[in-house]
>>> print(open('run24.cif').read())   # mmCIF, C-alpha atoms
data_target
#
loop_
_atom_site.group_PDB
_atom_site.id
_atom_site.type_symbol
_atom_site.label_atom_id
_atom_site.label_comp_id
_atom_site.auth_asym_id
_atom_site.auth_seq_id
_atom_site.Cartn_x
_atom_site.Cartn_y
_atom_site.Cartn_z
ATOM 1 C CA MET A 28 0.000 0.000 0.000
ATOM 2 C CA LYS A 29 1.395 3.450 -0.867
ATOM 3 C CA MET A 30 1.409 6.163 1.782
ATOM 4 C CA THR A 31 0.931 9.132 -0.453
ATOM 5 C CA PRO A 32 2.275 10.015 -3.889
ATOM 6 C CA GLN A 33 3.881 13.239 -2.625
ATOM 7 C CA MET A 34 6.140 11.704 -0.015
ATOM 8 C CA PRO A 35 9.715 11.054 -1.243
ATOM 9 C CA ALA A 36 10.265 7.421 -2.170
ATOM 10 C CA ALA A 37 13.398 7.278 0.004
ATOM 11 C CA ALA A 38 11.425 8.356 3.085
ATOM 12 C CA ILE A 39 8.735 5.737 2.403
ATOM 13 C CA TRP A 40 11.415 3.113 1.874
ATOM 14 C CA LEU A 41 13.172 3.978 5.143
ATOM 15 C CA LEU A 42 9.921 3.845 7.100
ATOM 16 C CA LYS A 43 9.108 0.487 5.524
ATOM 17 C CA VAL A 44 12.552 -0.899 6.348
ATOM 18 C CA PHE A 45 11.894 -0.093 10.005
ATOM 19 C CA LYS A 46 8.307 -1.416 9.677
ATOM 20 C CA VAL A 47 6.760 1.852 10.853
ATOM 21 C CA PRO A 48 3.667 1.615 8.602
ATOM 22 C CA GLU A 49 2.927 -1.820 10.098
ATOM 23 C CA SER A 50 3.837 -1.169 13.739
ATOM 24 C CA ASN A 51 2.387 2.341 13.979
ATOM 25 C CA PRO A 52 0.125 3.115 10.982
ATOM 26 C CA ALA A 53 -1.316 6.214 12.675
ATOM 27 C CA LEU A 54 2.144 7.790 12.890
ATOM 28 C CA ALA A 55 2.884 6.957 9.249
ATOM 29 C CA GLY A 56 -0.492 8.461 8.331
ATOM 30 C CA ASP A 57 0.249 11.619 10.332
ATOM 31 C CA LEU A 58 3.521 12.075 8.445
ATOM 32 C CA SER A 59 1.701 11.659 5.112
ATOM 33 C CA GLU A 60 -1.027 14.079 6.143
ATOM 34 C CA GLU A 61 1.395 16.765 7.297
ATOM 35 C CA TYR A 62 3.652 16.443 4.269
ATOM 36 C CA SER A 63 0.796 16.512 1.786
ATOM 37 C CA GLY A 64 -0.597 19.462 3.795
ATOM 38 C CA GLY A 65 2.428 21.594 2.919
ATOM 39 C CA GLN A 66 5.216 20.741 5.351
ATOM 40 C CA ARG A 67 8.710 21.139 3.944
ATOM 41 C CA ALA A 68 10.990 18.279 2.968
ATOM 42 C CA ALA A 69 13.433 19.232 5.747
ATOM 43 C CA TRP A 70 10.626 18.838 8.288
ATOM 44 C CA LEU A 71 9.723 15.426 6.881
ATOM 45 C CA TRP A 72 13.309 14.180 7.008
ATOM 46 C CA ARG A 73 13.716 15.389 10.597
ATOM 47 C CA GLN A 74 10.557 13.513 11.506
ATOM 48 C CA VAL A 75 11.571 10.352 9.629
ATOM 49 C CA LEU A 76 14.999 10.308 11.298
ATOM 50 C CA ALA A 77 13.380 10.868 14.702
ATOM 51 C CA VAL A 78 10.941 8.006 14.041
ATOM 52 C CA ILE A 79 13.847 5.719 13.120
ATOM 53 C CA ALA A 80 15.854 6.770 16.188
ATOM 54 C CA PHE A 81 12.866 6.131 18.480
ATOM 55 C CA THR A 82 12.165 2.790 16.765
ATOM 56 C CA ILE A 83 15.766 1.644 17.216
ATOM 57 C CA ALA A 84 15.872 2.802 20.847
ATOM 58 C CA LYS A 85 12.585 1.095 21.631
ATOM 59 C CA GLU A 86 13.566 -2.189 19.999
ATOM 60 C CA ILE A 87 16.916 -2.259 21.779
ATOM 61 C CA TYR A 88 15.219 -1.467 25.109
ATOM 62 C CA SER A 89 12.542 -4.132 24.528
ATOM 63 C CA HIS A 90 14.963 -6.835 23.350
ATOM 64 C CA LYS A 91 18.130 -6.395 25.369
ATOM 65 C CA LEU A 92 19.247 -10.019 25.178
ATOM 66 C CA LEU A 93 18.645 -10.207 21.444
ATOM 67 C CA THR A 94 20.620 -6.987 21.052
ATOM 68 C CA ILE A 95 23.582 -8.481 22.888
ATOM 69 C CA ARG A 96 23.307 -11.677 20.854
ATOM 70 C CA ALA A 97 23.214 -9.726 17.586
ATOM 71 C CA VAL A 98 26.301 -7.709 18.483
ATOM 72 C CA ILE A 99 28.217 -10.769 19.704
ATOM 73 C CA ALA A 100 27.287 -12.825 16.627
ATOM 74 C CA GLY A 101 28.338 -10.118 14.180
ATOM 75 C CA GLU A 102 31.441 -9.157 16.106
ATOM 76 C CA ALA A 103 32.538 -12.792 16.489
ATOM 77 C CA TRP A 104 32.267 -13.319 12.765
ATOM 78 C CA VAL A 105 34.158 -10.133 11.895
ATOM 79 C CA LEU A 106 36.937 -10.759 14.400
ATOM 80 C CA LEU A 107 37.360 -14.442 13.614
ATOM 81 C CA SER A 108 37.272 -14.039 9.871
ATOM 82 C CA TYR A 109 39.380 -10.913 9.917
ATOM 83 C CA PHE A 110 42.138 -12.402 11.994
ATOM 84 C CA ALA A 111 41.995 -15.899 10.552
ATOM 85 C CA LEU A 112 40.921 -15.696 6.944
ATOM 86 C CA ILE A 113 42.176 -12.296 5.877
ATOM 87 C CA ARG A 114 45.480 -12.510 7.705
ATOM 88 C CA ALA A 115 46.141 -15.934 6.185
ATOM 89 C CA LEU A 116 45.144 -14.938 2.688
ATOM 90 C CA SER A 117 46.802 -11.567 2.738
ATOM 91 C CA SER A 118 50.095 -12.897 3.998
ATOM 92 C CA HIS A 119 49.906 -15.489 1.232
ATOM 93 C CA TRP A 120 49.291 -12.793 -1.353
ATOM 94 C CA PHE A 121 51.919 -10.524 0.083
ATOM 95 C CA ALA A 122 54.395 -13.362 -0.210
ATOM 96 C CA MET A 123 53.153 -14.228 -3.684
ATOM 97 C CA PHE A 124 53.577 -10.693 -4.963
ATOM 98 C CA ARG A 125 56.844 -10.274 -3.030
ATOM 99 C CA ILE A 126 55.546 -7.125 -1.444
ATOM 100 C CA SER A 127 56.530 -6.187 2.034
ATOM 101 C CA VAL A 128 53.764 -5.405 4.517
ATOM 102 C CA PHE A 129 55.541 -2.168 5.296
ATOM 103 C CA PRO A 130 57.153 -1.090 2.028
ATOM 104 C CA PRO A 131 59.451 1.903 2.228
ATOM 105 C CA SER A 132 57.586 4.015 -0.306
ATOM 106 C CA GLY A 133 54.142 3.195 1.032
ATOM 107 C CA LEU A 134 52.311 3.364 -2.259
ATOM 108 C CA PRO A 135 52.647 -0.346 -3.188
ATOM 109 C CA PHE A 136 51.073 -1.209 0.149
ATOM 110 C CA LEU A 137 48.153 1.076 -0.661
ATOM 111 C CA SER A 138 47.722 -0.586 -4.045
ATOM 112 C CA VAL A 139 47.744 -3.997 -2.435
ATOM 113 C CA PHE A 140 45.242 -2.802 0.110
ATOM 114 C CA TRP A 141 42.824 -1.491 -2.482
ATOM 115 C CA ILE A 142 43.195 -4.424 -4.867
ATOM 116 C CA LEU A 143 43.347 -7.368 -2.482
ATOM 117 C CA LEU A 144 42.416 -6.468 1.066
ATOM 118 C CA LEU A 145 39.568 -4.060 0.520
ATOM 119 C CA PRO A 146 37.287 -6.448 -1.437
ATOM 120 C CA GLU A 147 37.997 -9.219 1.062
ATOM 121 C CA SER A 148 37.321 -6.976 4.012
ATOM 122 C CA MET A 149 34.149 -5.686 2.375
ATOM 123 C CA ILE A 150 32.918 -9.262 1.964
ATOM 124 C CA VAL A 151 33.749 -10.044 5.589
ATOM 125 C CA PHE A 152 31.829 -7.007 6.874
ATOM 126 C CA MET A 153 28.982 -7.625 4.441
ATOM 127 C CA PHE A 154 28.657 -11.191 5.640
ATOM 128 C CA GLY A 155 28.774 -9.919 9.246
ATOM 129 C CA GLY A 156 25.777 -7.706 8.492
ATOM 130 C CA TRP A 157 24.086 -10.612 6.722
ATOM 131 C CA ILE A 158 24.557 -12.871 9.772
ATOM 132 C CA VAL A 159 23.075 -10.239 12.099
ATOM 133 C CA GLY A 160 20.104 -9.696 9.779
ATOM 134 C CA ARG A 161 19.556 -13.387 9.132
ATOM 135 C CA LEU A 162 19.644 -14.353 12.827
ATOM 136 C CA HIS A 163 17.236 -11.582 13.855
ATOM 137 C CA ARG A 164 14.672 -11.440 11.106
ATOM 138 C CA ASP A 165 11.966 -9.627 13.077
ATOM 139 C CA HIS A 166 14.270 -6.769 14.102
ATOM 140 C CA TRP A 167 16.910 -6.960 11.415
ATOM 141 C CA ALA A 168 16.962 -3.258 10.524
ATOM 142 C CA THR A 169 17.548 -2.144 14.117
ATOM 143 C CA PHE A 170 20.254 -4.686 14.831
ATOM 144 C CA VAL A 171 22.029 -4.216 11.516
ATOM 145 C CA VAL A 172 22.107 -0.427 11.981
ATOM 146 C CA LEU A 173 23.329 -0.916 15.555
ATOM 147 C CA PHE A 174 26.042 -3.309 14.401
ATOM 148 C CA ALA A 175 27.114 -0.967 11.593
ATOM 149 C CA THR A 176 27.242 1.928 14.061
ATOM 150 C CA LEU A 177 29.408 -0.074 16.447
ATOM 151 C CA GLN A 178 31.720 -1.007 13.580
ATOM 152 C CA SER A 179 31.983 2.667 12.632
ATOM 153 C CA ILE A 180 32.942 3.537 16.202
ATOM 154 C CA PHE A 181 35.512 0.719 16.436
ATOM 155 C CA ILE A 182 37.030 1.645 13.086
ATOM 156 C CA LEU A 183 37.063 5.350 13.946
ATOM 157 C CA VAL A 184 38.884 4.613 17.205
ATOM 158 C CA GLN A 185 41.440 2.571 15.275
ATOM 159 C CA VAL A 186 42.035 4.926 12.364
ATOM 160 C CA PHE A 187 41.557 8.268 14.115
ATOM 161 C CA PRO A 188 45.220 8.984 14.927
ATOM 162 C CA ASN A 189 46.282 8.140 11.365
ATOM 163 C CA LEU A 190 43.283 9.917 9.892
ATOM 164 C CA LEU A 191 44.156 13.104 11.742
ATOM 165 C CA LEU A 192 47.804 12.828 10.806
ATOM 166 C CA HIS A 193 47.067 12.163 7.141
ATOM 167 C CA LEU A 194 44.468 14.927 7.047
ATOM 168 C CA ILE A 195 46.908 17.499 8.399
ATOM 169 C CA ASN A 196 49.807 16.277 6.253
ATOM 170 C CA SER A 197 47.794 16.022 3.054
ATOM 171 C CA ILE A 198 46.931 19.728 3.185
ATOM 172 C CA ASP A 199 50.359 20.682 1.854
ATOM 173 C CA GLN A 200 51.829 17.275 0.937
ATOM 174 C CA PRO A 201 49.883 15.480 -1.814
ATOM 175 C CA ARG A 202 51.729 12.186 -1.236
ATOM 176 C CA PHE A 203 49.669 11.701 1.943
ATOM 177 C CA ARG A 204 46.350 11.946 0.118
ATOM 178 C CA PRO A 205 46.184 8.253 -0.866
ATOM 179 C CA TYR A 206 46.599 7.385 2.797
ATOM 180 C CA LEU A 207 43.837 9.795 3.714
ATOM 181 C CA ALA A 208 41.652 8.197 1.038
ATOM 182 C CA MET A 209 42.413 4.777 2.506
ATOM 183 C CA ASP A 210 41.447 5.891 6.026
ATOM 184 C CA LEU A 211 38.225 7.451 4.790
ATOM 185 C CA GLY A 212 37.533 4.396 2.638
ATOM 186 C CA ILE A 213 37.834 2.085 5.617
ATOM 187 C CA LEU A 214 35.706 4.380 7.746
ATOM 188 C CA LEU A 215 32.899 4.626 5.210
ATOM 189 C CA LEU A 216 32.951 1.441 3.156
ATOM 190 C CA PHE A 217 33.016 -1.167 5.912
ATOM 191 C CA PRO A 218 29.885 0.075 7.723
ATOM 192 C CA ILE A 219 28.197 0.427 4.322
ATOM 193 C CA ALA A 220 29.117 -3.203 3.621
ATOM 194 C CA VAL A 221 27.521 -4.202 6.940
ATOM 195 C CA LEU A 222 24.333 -2.325 6.045
ATOM 196 C CA LEU A 223 24.254 -3.873 2.582
ATOM 197 C CA GLY A 224 24.711 -7.411 3.903
ATOM 198 C CA GLY A 225 22.065 -6.833 6.566
ATOM 199 C CA TYR A 226 19.671 -5.434 4.000
ATOM 200 C CA ILE A 227 20.106 -8.452 1.739
ATOM 201 C CA ALA A 228 19.274 -10.787 4.639
ATOM 202 C CA GLY A 229 16.490 -8.625 6.070
ATOM 203 C CA SER A 230 14.661 -7.744 2.887
ATOM 204 C CA ARG A 231 14.412 -11.437 2.009
ATOM 205 C CA ALA A 232 13.107 -12.168 5.478
ATOM 206 C CA ASP A 233 10.511 -9.387 5.047
ATOM 207 C CA ASP A 234 9.295 -11.010 1.844
ATOM 208 C CA ARG A 235 8.676 -14.293 3.652
ATOM 209 C CA CYS A 236 7.540 -13.385 7.171
ATOM 210 C CA PRO A 237 4.215 -11.823 8.229
ATOM 211 C CA ARG A 238 4.677 -8.471 9.945
ATOM 212 C CA PRO A 239 4.159 -7.830 13.679
ATOM 213 C CA ARG A 240 0.865 -6.553 15.036
ATOM 214 C CA PRO A 241 0.381 -2.791 15.490
ATOM 215 C CA LEU A 242 1.763 -1.380 18.736
ATOM 216 C CA ASN A 243 -1.311 0.399 20.019
ATOM 217 C CA GLY A 244 -3.773 -2.420 19.950
ATOM 218 C CA MET B 21 -3.308 7.966 45.131
ATOM 219 C CA ASP B 22 -1.376 6.461 42.246
ATOM 220 C CA LYS B 23 1.877 5.655 44.000
ATOM 221 C CA GLY B 24 5.252 5.040 42.515
ATOM 222 C CA THR B 25 5.588 7.324 39.554
ATOM 223 C CA TYR B 26 5.276 11.037 38.991
ATOM 224 C CA LEU B 27 4.366 12.401 35.592
ATOM 225 C CA ARG B 28 7.275 13.685 33.589
ATOM 226 C CA ASP B 29 6.906 17.221 32.266
ATOM 227 C CA PHE B 30 6.311 16.071 28.708
ATOM 228 C CA GLU B 31 3.773 13.478 29.846
ATOM 229 C CA LEU B 32 1.892 16.173 31.746
ATOM 230 C CA MET B 33 1.986 18.433 28.675
ATOM 231 C CA ILE B 34 0.598 15.647 26.495
ATOM 232 C CA LEU B 35 -2.209 14.884 28.940
ATOM 233 C CA LEU B 36 -3.149 18.566 29.146
ATOM 234 C CA VAL B 37 -3.082 18.927 25.360
ATOM 235 C CA VAL B 38 -5.248 15.836 24.899
ATOM 236 C CA LEU B 39 -7.716 17.302 27.408
ATOM 237 C CA ARG B 40 -7.692 20.677 25.601
ATOM 238 C CA LEU B 41 -8.229 19.128 22.166
ATOM 239 C CA GLY B 42 -11.115 16.938 23.267
ATOM 240 C CA ASP B 43 -12.479 14.922 20.337
ATOM 241 C CA ASP B 44 -9.775 16.105 17.906
ATOM 242 C CA ALA B 45 -6.800 14.696 19.815
ATOM 243 C CA TYR B 46 -4.610 12.764 17.400
ATOM 244 C CA GLY B 47 -0.888 12.958 16.600
ATOM 245 C CA VAL B 48 -0.746 16.026 14.333
ATOM 246 C CA PRO B 49 -2.846 18.470 16.431
ATOM 247 C CA ILE B 50 -1.200 17.261 19.630
ATOM 248 C CA ALA B 51 2.259 18.069 18.220
ATOM 249 C CA ARG B 52 0.925 21.387 16.895
ATOM 250 C CA GLU B 53 -0.552 22.421 20.267
ATOM 251 C CA ILE B 54 2.720 21.650 22.009
ATOM 252 C CA LYS B 55 4.533 23.762 19.437
ATOM 253 C CA VAL B 56 2.122 26.675 19.950
ATOM 254 C CA HIS B 57 1.948 26.599 23.752
ATOM 255 C CA GLY B 58 5.288 25.030 24.593
ATOM 256 C CA ARG B 59 7.088 27.152 21.976
ATOM 257 C CA ARG B 60 9.159 24.242 20.790
ATOM 258 C CA GLU B 61 8.847 21.828 17.907
ATOM 259 C CA VAL B 62 8.472 18.214 18.937
ATOM 260 C CA SER B 63 8.786 15.185 16.725
ATOM 261 C CA LEU B 64 5.745 13.052 16.090
ATOM 262 C CA ALA B 65 7.859 10.076 17.139
ATOM 263 C CA LYS B 66 8.333 11.571 20.596
ATOM 264 C CA VAL B 67 4.631 12.407 20.853
ATOM 265 C CA TYR B 68 3.651 8.835 19.940
ATOM 266 C CA ALA B 69 6.264 7.300 22.233
ATOM 267 C CA THR B 70 4.861 9.338 25.134
ATOM 268 C CA LEU B 71 1.264 8.549 24.188
ATOM 269 C CA GLU B 72 2.128 4.877 24.098
ATOM 270 C CA ARG B 73 3.750 5.069 27.544
ATOM 271 C CA LEU B 74 0.739 6.913 28.955
ATOM 272 C CA GLN B 75 -1.560 4.317 27.429
ATOM 273 C CA GLU B 76 0.449 1.536 29.055
ATOM 274 C CA LYS B 77 0.038 3.319 32.398
ATOM 275 C CA GLY B 78 -3.701 3.547 31.789
ATOM 276 C CA TYR B 79 -3.840 7.354 31.700
ATOM 277 C CA ILE B 80 -5.151 7.589 28.144
ATOM 278 C CA SER B 81 -7.103 5.393 25.771
ATOM 279 C CA SER B 82 -7.265 5.423 21.993
ATOM 280 C CA LYS B 83 -9.511 4.444 19.143
ATOM 281 C CA LEU B 84 -8.980 4.195 15.400
ATOM 282 C CA ALA B 85 -11.026 6.242 12.937
ATOM 283 C CA ASP B 86 -11.692 5.330 9.316
ATOM 284 C CA PRO B 87 -8.738 5.477 6.887
ATOM 285 C CA THR B 88 -8.545 8.545 4.639
ATOM 286 C CA PRO B 89 -6.861 8.966 1.219
ATOM 287 C CA GLU B 90 -4.795 12.035 2.186
ATOM 288 C CA ARG B 91 -3.168 9.904 4.871
ATOM 289 C CA GLY B 92 -2.166 7.231 2.378
ATOM 290 C CA GLY B 93 -5.099 5.063 3.390
ATOM 291 C CA ARG B 94 -4.139 5.070 7.047
ATOM 292 C CA ALA B 95 -6.494 5.751 9.908
ATOM 293 C CA LYS B 96 -6.150 8.449 12.543
ATOM 294 C CA ARG B 97 -5.754 7.260 16.117
ATOM 295 C CA TYR B 98 -7.725 9.476 18.473
ATOM 296 C CA PHE B 99 -6.678 9.713 22.096
ATOM 297 C CA SER B 100 -8.671 10.581 25.209
ATOM 298 C CA VAL B 101 -7.730 10.915 28.863
ATOM 299 C CA THR B 102 -9.131 8.191 31.110
ATOM 300 C CA ALA B 103 -10.582 8.761 34.585
ATOM 301 C CA ARG B 104 -7.302 7.492 36.013
ATOM 302 C CA GLY B 105 -5.370 9.932 33.822
ATOM 303 C CA LEU B 106 -7.571 12.834 34.896
ATOM 304 C CA LYS B 107 -7.029 11.899 38.537
ATOM 305 C CA LYS B 108 -3.277 11.838 37.961
ATOM 306 C CA VAL B 109 -3.322 15.274 36.308
ATOM 307 C CA ARG B 110 -5.291 16.736 39.240
ATOM 308 C CA GLU B 111 -2.962 15.119 41.725
ATOM 309 C CA THR B 112 0.092 16.505 39.878
ATOM 310 C CA GLN B 113 -1.529 19.949 39.781
ATOM 311 C CA ARG B 114 -2.136 19.856 43.550
ATOM 312 C CA ILE B 115 1.449 18.820 44.242
ATOM 313 C CA LEU B 116 2.884 21.505 41.958
ATOM 314 C CA VAL B 117 0.640 24.240 43.358
ATOM 315 C CA ARG B 118 1.582 23.279 46.924
ATOM 316 C CA LEU B 119 5.263 23.411 45.975
ATOM 317 C CA TRP B 120 4.756 26.697 44.164
ATOM 318 C CA ARG B 121 3.272 28.465 47.182
ATOM 319 C CA GLY B 122 5.658 30.149 49.486
ATOM 320 C CA VAL B 123 8.572 30.277 47.065
ATOM 321 C CA SER B 124 9.574 33.931 47.284
ATOM 322 C CA GLU B 125 11.566 33.851 44.039
ATOM 323 C CA LEU B 126 8.417 32.927 42.119
ATOM 324 C CA GLN B 127 6.033 35.438 43.699
ATOM 325 C CA GLY B 128 4.718 38.145 41.381
ATOM 326 C CA ASP B 129 6.002 36.519 38.200
ATOM 327 C CA SER B 130 3.499 36.586 35.375
ATOM 328 C CA VAL B 131 3.101 33.253 33.559
#
>>> encode(input="run24.cif", output="structure tokens")
Amino acid sequence: MKMTPQMPAAAIWLLKVFKVPESNPALAGDLSEEYSGGQRAAWLWRQVLAVIAFTIAKEIYSHKLLTIRAVIAGEAWVLLSYFALIRALSSHWFAMFRISVFPPSGLPFLSVFWILLLPESMIVFMFGGWIVGRLHRDHWATFVVLFATLQSIFILVQVFPNLLLHLINSIDQPRFRPYLAMDLGILLLFPIAVLLGGYIAGSRADDRCPRPRPLNG
Amino acid sequence: MDKGTYLRDFELMILLVVLRLGDDAYGVPIAREIKVHGRREVSLAKVYATLERLQEKGYISSKLADPTPERGGRAKRYFSVTARGLKKVRETQRILVRLWRGVSELQGDSV
């Protein structure tokens, strides 16, 4: 069922992903009514983001154990696969291509990272998101977003010192810009991979499962 | 007396707005009234979260109206304050008024 033709498709899609039209149809109707009544797009997006934030907070609060399980499951996969699979494969490739892990010039390492490690890492994070979504079909959107957010925080903590250094250095020294691009790539692409993997698992689950009953009776 | 919990300020505002609106108390006008009288914009999500909490406490009840096309085929949910909710509002008012009296810093201030 369509909410209203005027509402942006992306807003409708986001609300559907978080099952707002099913769990709280009156709220979804209020948003449609206000937007078609002349509210600005900025207002709508503020409201949609607030609805999503409240939905996530409520689901986490209502399902604390499931939340912990989702985070542990995703994190276990990422850590295990990252340290076992990627380390093994990458060391094999490094040896195969006779490239040092810490080459003196730096640039070959970046090339190796982008060509070999990035796709692998993307797959690992994507599969992490898929596992979280697949194991928690009824609340996949909340848990996948939570897991992606946690990954962003972990990655930011890890890359922040380098990111800051590369950002400052790349202002007047162009040779640092590839490193800055790598830091930003890691920071952005891995959480996106988690979201993508979670969406693949969750959207399939949505096609199969009946939706929960409305919240207010 | 309903022991255990006091109304939060936003819960009290919502209950008062629902009482003011009478038969027209659904999400959009409730948020609008709070914006007009509270002089701050509130998200519909926050309004609904509070309404849901108040409903769980038994202070308000709700009923669905017929779906309308301008709402994408979705019904309005109208809210009304229950007898228990009204009692809680009165009780909160009494407590606040008692606390208000005798505070020299607040004497003579226009509201």
>>> resolve_selection(input="run24.cif", expression="the PyMOL selection byres ((chain B and resi 71) around 10)", output="MDAnalysis selection string")
(chainID A and resid 243) or (chainID B and resid 31 34:35 38 46:47 65:70 72:77 79:82 99)
>>> closest_residue(input="run24.cif", among="A:Val47, A:Met209, A:Leu216, A:Ile182", to="A:Ala168", atoms="all atoms listed in the file")
A:Val47
>>> resolve_selection(input="run24.cif", expression="the PyMOL selection byres ((chain B) within 7 of (chain A))", output="PyMOL selection string")
chain B and resi 47-48+63-65+72+90-97
>>> atom_distance(input="run24.cif", atom1="atom CA of A:Leu173", atom2="atom CA of A:Ala68")
26.1 Å
>>> atom_distance(input="run24.cif", atom1="atom CA of B:Arg121", atom2="atom CA of B:Lys107")
21.3 Å
>>> resolve_selection(input="run24.cif", expression="the PyMOL selection byres ((chain A and resi 153-159) around 8)", output="ChimeraX atom specification")
/A:97-98,100-102,104-105,149-152,160-163,167,170-171,174-175,217,220-229
>>> atom_distance(input="run24.cif", atom1="atom CA of A:Ser179", atom2="atom CA of A:Leu145")
15.8 Å
>>> closest_residue(input="run24.cif", among="A:Leu214, A:Leu106, A:Ile87, A:Leu207", to="A:Leu183", atoms="only C-alpha atoms")
A:Leu214
